[in-house]
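Following: one structure in structure tokens, then a few remarks.
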Amino acid sequence: MLDMELIRKDREAVATALAKRLDPAEVTRALDDIQRLDQERRALITEIDAERQRRKAEARAYAEAKRSGATPQPAAPEAERKQLAELESQLDDVQSRLRSAMSELPNLPADDVVAGGKEANRVVRTFGEAPAIERVRDHVELSRALGLVDHERGVKLGGSGFWMYTGVGARLEWALVNWLIERNIEAGYEFLLPPHLLLDTAGFASGQFPKFYDDVYRMDKQSAPRGQFLLPTAETAILGAYQDEILETPKLPLKAFAYTPCYRREAAGSHSDERGTVRGHQFNKVEIFQFTLPEQAGAALRAMVGHVEGLVEQLGLHFQTSLLAAGDASASMKKTLDIEVWMPSTGKYKEVSSVSWAGDYQARRAAIRYREPGGKQTRFVHTLNGSALATSRLFPAILEQCQQPDGSVVVPEVLRDKLGTDRLTPTR
């Protein structure tokens, strides 16, 4: 959520930044509505405060008259007494509408984030070279030949967009998860295993609600009166765990990570570059997260990007890192860099991690603050998150980039001890 004070003081700068993401006419309408509601809110607060002061003055005069033996002034008519309740009801309504309007505004993109969609993304780093493969087999063909993934039984169990890892494939998936957990612990992140069912307050805090309210798997209202949904990413859980807290300044940056399956209602992949495990309704992901002081955020973003790039490098995969344009990044984020692995079968790069800086946007929604030692005033922390990593896309990238002419796949060196082999060979 944006800072209302910033909109009051520098609407033009806010409008210019939002225009990187939204149509300028839409921005004007939204800011006009927000400022009108803000003026109504402030006028009602002034009127309510004046009415309360009047009543306090009447009460003091009445008490003074009783003490002095004078005849007290008659109490205000009942109609006037009801007026305060009516004003307070109006204020509640205006504040609710203002909060709703503010919650629908996206974050302000960072200065170096350009307007536009995917076409405006900019590659900022490339690691290695695309492997030269004479006859490229895609990951679906390879996973079937190697006995790693049972797509048909996955669909039988869960429907379209689901799969089942089998045998060595299940072991490879679990080896990836465990290796990532070990590397993130080494990098100083605290390991969390959060609930998979979250309250709606966590979805609002992260910025997914209200806009993407219907894009998650939800519990029915009878079963979950407070509203519950299956997490689409561990980012939502880690952020939500610290809602309404004041963090200790000396402990910042606070670094945490979680392993969870992720559950998403988005359309399962049918295009050639989204087949197999590349896109589905349930997949495994390890997510890193940082809560920082504002002045720590820039260094934290660079460190997180470097950490994720290092993980993909250690797997020996060719990849590129792209700075996303405003229209291609999450609405909650000021700045996002995608780490994208090369998929030989499609000749395209696929994102395995988005590392993002939200500024204080999420912290405002979640009321997560910090207080300087010895100080009284609190400020909002900055939040950053990134996948480290999404295994359902690492898995096919390893198969495709490491495939051999005889149909086998060379196992990345860092995973060989966990699998007990350096090569996966066809079972049929």
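Residue numbering restarts at 1 in every chain; chains get A, B, ... in the order shown in the structure tokens, and ligands count up from 1 in that same order.
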Review point. Which residues in region 58-260 of chain A does DSSP call strand (DSSP E or B)? List them as a ChimeraX atom specification.
Key: /A:122-127,149-150,164-165,190-192,197-199,218,228-230,246-248,254-260
Exercise for review: From a DSSP calculation on the backbone, collect every residue of region 303-367 of chain A in helix (DSSP H, G or I) and output the set as number ranges by chain.
Suggested key: A: 303-314, 326-328, 361-366
Review point. What's the 8 Å shell around region 96-109 of chain A, counting only C-alpha atoms, without same-chain residues fewer than 5 positions away, as a list in words?
Key: Met1, Leu2, Val14, Ala17, Leu18, Lys20, Ala30, Asp33, Ile34, Leu37, Asp38, Gly207, Pro210, Lys211, Ala326, Ala331, Ser332, Met333, Lys334, Lys335, Ala358 and Tyr361 of chain A
Exercise for review: Mind checking which residues fall within 7 Å of region 279-295 of chain A, counting only C-alpha atoms, ignoring those fewer than 2 positions away in the same chain, and posting them as number ranges by chain?
Suggested key: A: 161-162, 234-235, 252-266, 268-269, 274-275, 277, 297, 381-392
Practice item. Could you give me, as a PyMOL selection string, the residues within 7 Å of region 402-408 of chain A, counting only C-alpha atoms and dropping anything in the same chain fewer than 2 positions from it? Key: chain A and resi 398-400+410+423-426
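Counting from CA of Pro373 (chain A), the distance to CA of Thr249 (chain A) is 7.0 Å.
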Revision key, fill the gap. From CA of Val411 (chain A) to CA of Phe319 (chain A) the spacing works out at 17.4 Å
